[in-house]
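Okay, structure first, notes after.
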Amino acid sequence: MPTVTTPRSPVLFVAHGAPPLLDDPAWIAELAQWAHELPRPRAILMISAHWEARPLTLGATRPVPLIYDFHGFPDRFYRLQYAAPGAPALADRVRSLVADAGIPFHASERGLDHGAYIPLMCMYPQAEIPVLQISMPSLDPHDLYALGQALAPLRDEGVLIVGSGFLTHNLRSLRNSPVVPTWASEFDHWIADVLTRRDHDALLDYRRRAPALQLAHPTEEHFAPVLVAAGAAGTDPVRFPITGFWFGSFTRRSVQFG
């Protein structure tokens, strides 16, 4: 019989919005169209800004309740459901890859957080694809990049690796305004340029080289998932399926590597 080959999966970084993304039909449509254009994954591995845990921790491998890790929103957002199948085979493979890379890990029964299920509800609303979420074991750029490198073989196995965060994220600057602050546009331009040129040295040194970092990221957890994605992507070409800004200073820029 002829050998069946699996197309190499791209790697994504998704600006995950927050629950109000689900009230934005245009953004939902952009995410849905993006997913439609991608090869259908066998499974999805999510790395969200909203889960930091050392050592690297694997989430539940069976459907468990979602985590409503937000506050002050309408009640309907606390009734959201996304009952994707668990991914025990993917969990086993992740354990093997990170063990080979010397990265400590353990398992948990943690459910998906909103950095995972909000974009997935828009991209894969039928919740038919197995999903596994893993934690970020640190915010060290080199550690996160190395984690992505360790996970890269999954791309040849039909797994879609998705980092989920925001490339600018300053809650103190939240404004219902179309006016984009200069610092936000400068940071957005910088990261787009660095990723397009695949200048991973600059990316890993973002704490020294990025403009207006303290304004763009008073805390850095929303930036961190792009480092995992870049590590898994290597030198693959980059495009930006979604751009623009949300609530003034939050860039919606999302990235497809490969």
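Labels used: A, B, ... for chains in the order of the structure tokens, numbers from 1 for residues in each chain, and numbers from 1 for ligands as shown.
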
At most 12 Å is the cut-off: for each residue in region 120-192 of chain A with any atom that close to an atom of region 67-83 of chain A, write down the nearest atom pair and the distance in Å rounded to one decimal, counting only C-alpha atoms, chain first then increasing number, as JSON lines.
```
{"residue": "A:Leu120", "atom": "CA", "partner": "A:Tyr82", "partner_atom": "CA", "distance": 8.3}
{"residue": "A:Met121", "atom": "CA", "partner": "A:Tyr82", "partner_atom": "CA", "distance": 6.9}
{"residue": "A:Cys122", "atom": "CA", "partner": "A:Tyr82", "partner_atom": "CA", "distance": 10.7}
{"residue": "A:Met123", "atom": "CA", "partner": "A:Tyr82", "partner_atom": "CA", "distance": 11.9}
{"residue": "A:Tyr124", "atom": "CA", "partner": "A:Tyr82", "partner_atom": "CA", "distance": 9.8}
{"residue": "A:Pro125", "atom": "CA", "partner": "A:Tyr82", "partner_atom": "CA", "distance": 8.1}
{"residue": "A:Gln126", "atom": "CA", "partner": "A:Tyr82", "partner_atom": "CA", "distance": 8.5}
{"residue": "A:Ala127", "atom": "CA", "partner": "A:Ala83", "partner_atom": "CA", "distance": 6.1}
{"residue": "A:Glu128", "atom": "CA", "partner": "A:Ala83", "partner_atom": "CA", "distance": 8.3}
{"residue": "A:Ile129", "atom": "CA", "partner": "A:Ala83", "partner_atom": "CA", "distance": 9.8}
{"residue": "A:Pro130", "atom": "CA", "partner": "A:Ala83", "partner_atom": "CA", "distance": 9.5}
{"residue": "A:Val131", "atom": "CA", "partner": "A:Ala83", "partner_atom": "CA", "distance": 9.6}
```

Please, could you write that set of residues out with all heavy atoms as a tab-separated table (two decimals), in the first residue's frame?
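As a result, again_34.tsv now contains:
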```tsv
chain	number	residue	atom	x	y	z
A	120	LEU	N	-10.85	28.82	20.31
A	120	LEU	CA	-11.28	27.55	19.74
A	120	LEU	C	-12.78	27.54	19.44
A	120	LEU	O	-13.22	26.92	18.47
A	120	LEU	CB	-10.93	26.39	20.67
A	120	LEU	CG	-9.44	26.06	20.78
A	120	LEU	CD1	-9.21	24.95	21.81
A	120	LEU	CD2	-8.86	25.66	19.43
A	121	MET	N	-13.57	28.22	20.26
A	121	MET	CA	-15.01	28.30	19.98
A	121	MET	C	-15.28	28.98	18.65
A	121	MET	O	-16.30	28.69	17.99
A	121	MET	CB	-15.72	29.04	21.11
A	121	MET	CG	-15.78	28.28	22.41
A	121	MET	SD	-16.55	29.22	23.76
A	121	MET	CE	-18.27	29.15	23.22
A	122	CYS	N	-14.39	29.89	18.26
A	122	CYS	CA	-14.56	30.60	16.99
A	122	CYS	C	-13.97	29.82	15.82
A	122	CYS	O	-14.53	29.81	14.72
A	122	CYS	CB	-13.87	31.97	17.07
A	122	CYS	SG	-14.46	33.02	18.41
A	123	MET	N	-12.86	29.14	16.06
A	123	MET	CA	-12.15	28.47	14.97
A	123	MET	C	-12.69	27.07	14.71
A	123	MET	O	-12.78	26.64	13.55
A	123	MET	CB	-10.66	28.42	15.30
A	123	MET	CG	-10.03	29.79	15.45
A	123	MET	SD	-8.26	29.74	15.85
A	123	MET	CE	-7.55	29.40	14.22
A	124	TYR	N	-13.00	26.35	15.77
A	124	TYR	CA	-13.48	24.97	15.65
A	124	TYR	C	-14.72	24.80	16.54
A	124	TYR	O	-14.67	24.13	17.58
A	124	TYR	CB	-12.37	23.99	16.05
A	124	TYR	CG	-11.14	24.11	15.17
A	124	TYR	CD1	-10.01	24.79	15.62
A	124	TYR	CD2	-11.12	23.58	13.89
A	124	TYR	CE1	-8.89	24.92	14.81
A	124	TYR	CE2	-10.00	23.71	13.07
A	124	TYR	CZ	-8.89	24.38	13.53
A	124	TYR	OH	-7.80	24.51	12.71
A	125	PRO	N	-15.83	25.46	16.16
A	125	PRO	CA	-16.99	25.54	17.06
A	125	PRO	C	-17.66	24.20	17.34
A	125	PRO	O	-18.39	24.09	18.34
A	125	PRO	CB	-17.94	26.50	16.32
A	125	PRO	CG	-17.52	26.44	14.88
A	125	PRO	CD	-16.04	26.23	14.91
A	126	GLN	N	-17.45	23.20	16.51
A	126	GLN	CA	-18.09	21.90	16.74
A	126	GLN	C	-17.41	21.12	17.87
A	126	GLN	O	-17.95	20.09	18.31
A	126	GLN	CB	-18.08	21.07	15.45
A	126	GLN	CG	-18.82	21.71	14.29
A	126	GLN	CD	-20.25	22.05	14.64
A	126	GLN	OE1	-20.98	21.23	15.21
A	126	GLN	NE2	-20.66	23.27	14.33
A	127	ALA	N	-16.26	21.58	18.32
A	127	ALA	CA	-15.54	20.93	19.43
A	127	ALA	C	-15.32	19.44	19.17
A	127	ALA	O	-15.46	18.62	20.07
A	127	ALA	CB	-16.28	21.16	20.75
A	128	GLU	N	-14.94	19.12	17.95
A	128	GLU	CA	-14.75	17.71	17.57
A	128	GLU	C	-13.28	17.28	17.61
A	128	GLU	O	-13.00	16.08	17.54
A	128	GLU	CB	-15.28	17.50	16.14
A	128	GLU	CG	-16.78	17.71	16.02
A	128	GLU	CD	-17.26	17.66	14.58
A	128	GLU	OE1	-16.43	17.89	13.66
A	128	GLU	OE2	-18.47	17.42	14.36
A	129	ILE	N	-12.37	18.23	17.70
A	129	ILE	CA	-10.94	17.91	17.63
A	129	ILE	C	-10.39	17.78	19.05
A	129	ILE	O	-10.62	18.66	19.89
A	129	ILE	CB	-10.19	19.00	16.85
A	129	ILE	CG1	-10.73	19.10	15.42
A	129	ILE	CG2	-8.69	18.72	16.84
A	129	ILE	CD1	-10.19	20.26	14.63
A	130	PRO	N	-9.67	16.70	19.35
A	130	PRO	CA	-9.08	16.56	20.69
A	130	PRO	C	-8.14	17.72	21.01
A	130	PRO	O	-7.37	18.17	20.15
A	130	PRO	CB	-8.30	15.24	20.60
A	130	PRO	CG	-8.98	14.48	19.50
A	130	PRO	CD	-9.41	15.51	18.51
A	131	VAL	N	-8.22	18.20	22.24
A	131	VAL	CA	-7.43	19.35	22.68
A	131	VAL	C	-6.69	19.00	23.96
A	131	VAL	O	-7.26	18.42	24.89
A	131	VAL	CB	-8.33	20.58	22.93
A	131	VAL	CG1	-7.49	21.75	23.46
A	131	VAL	CG2	-9.07	20.99	21.67
```

Wanna dump the region 3-34 of chain A-region 165-178 of chain A contacts at 8 Å for me, each residue with its shortest atom pair and the distance in Å to one decimal, counting only C-alpha atoms, ordered by chain and number, as JSON lines?
```
{"residue": "A:Phe13", "atom": "CA", "partner": "A:Gly165", "partner_atom": "CA", "distance": 7.5}
{"residue": "A:Val14", "atom": "CA", "partner": "A:Gly165", "partner_atom": "CA", "distance": 6.4}
{"residue": "A:Ala15", "atom": "CA", "partner": "A:Phe166", "partner_atom": "CA", "distance": 4.9}
{"residue": "A:His16", "atom": "CA", "partner": "A:Gly165", "partner_atom": "CA", "distance": 5.7}
{"residue": "A:Gly17", "atom": "CA", "partner": "A:Phe166", "partner_atom": "CA", "distance": 7.8}
```

List every residue of region 15-234 of chain A that DSSP, applied to the backbone, labels as helix (DSSP H, G or I), and write the result as a PyMOL selection string.
chain A and resi 19-23+25-37+75-79+88-100+114-123+141-157+171-173+182-196+200-204+206-209+213-216+225-233

Strand (DSSP E) call set, DSSP backbone run, region 15-210 of chain A, as a ChimeraX atom specification:
/A:15,43-52,56-58,105-107,131-136,159-165

Just the residues within 7 Å of Ala150 (chain A), please, counting only C-alpha atoms, with nothing from its chain fewer than 6 positions along; format it as JSON, numbers by chain.
{"A": [97, 98, 101]}

Pull the closest atom pair for each residue of region 48-118 of chain A that gets at most 10 Å from region 40-43 of chain A, along with the distance in Å to one decimal, counting only C-alpha atoms, ordering rows by chain and then ascending residue number, as a Markdown table.
```
| residue | atom | partner | partner_atom | distance |
| --- | --- | --- | --- | --- |
| A:Pro85 | CA | A:Ala43 | CA | 9.4 |
| A:Gly86 | CA | A:Ala43 | CA | 9.3 |
| A:Ala87 | CA | A:Ala43 | CA | 7.2 |
| A:Ala89 | CA | A:Ala43 | CA | 9.4 |
| A:Leu90 | CA | A:Ala43 | CA | 7.4 |
```

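Here the question is which of A:Asp100, A:Ile118, A:Ala152, A:Glu221 gets nearest to Ile28 (chain A) using only C-alpha atoms, and that residue is A:Ile118.
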
If you count only C-alpha atoms, which residues fall within 12 Å of Arg95 (chain A), apart from same-chain ones fewer than 3 positions away, as a VMD selection string?
chain A and resid 56 to 59 88 to 92 98 to 107 132 134 147 150 to 151 154

Using only C-alpha atoms, determine which residues lie at most 10 Å from Ala230 (chain A), disregarding the query and same-chain residues fewer than 5 positions distant; provide the list as a list in words.
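In the requested format, the answer is Val11, Leu12, Phe13, Leu144, Tyr145, Ala146, Gly148, Gln149, Ala152, Gly163, Leu195, Arg198, His200, Leu203, Leu204, Pro225, Thr235, Asp236, Val238, Val255, Gln256 and Phe257 of chain A.
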
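If you count only C-alpha atoms and ignore residues fewer than 3 places along the chain from Ile242 (chain A), what sits within 8 Å of it is Glu30, Leu31, Arg252, Arg253, Ser254 and Val255 of chain A.
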
Quick one: of A:His217, A:His142, A:His189, A:Arg209, who's nearest to Gly231 (chain A), counting only C-alpha atoms?
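Smallest separation from Gly231 (chain A) among the options: A:His142.
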
By how many Å are CA of Tyr117 (chain A) and CA of Phe223 (chain A) apart?
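It comes out at 18.1 Å.
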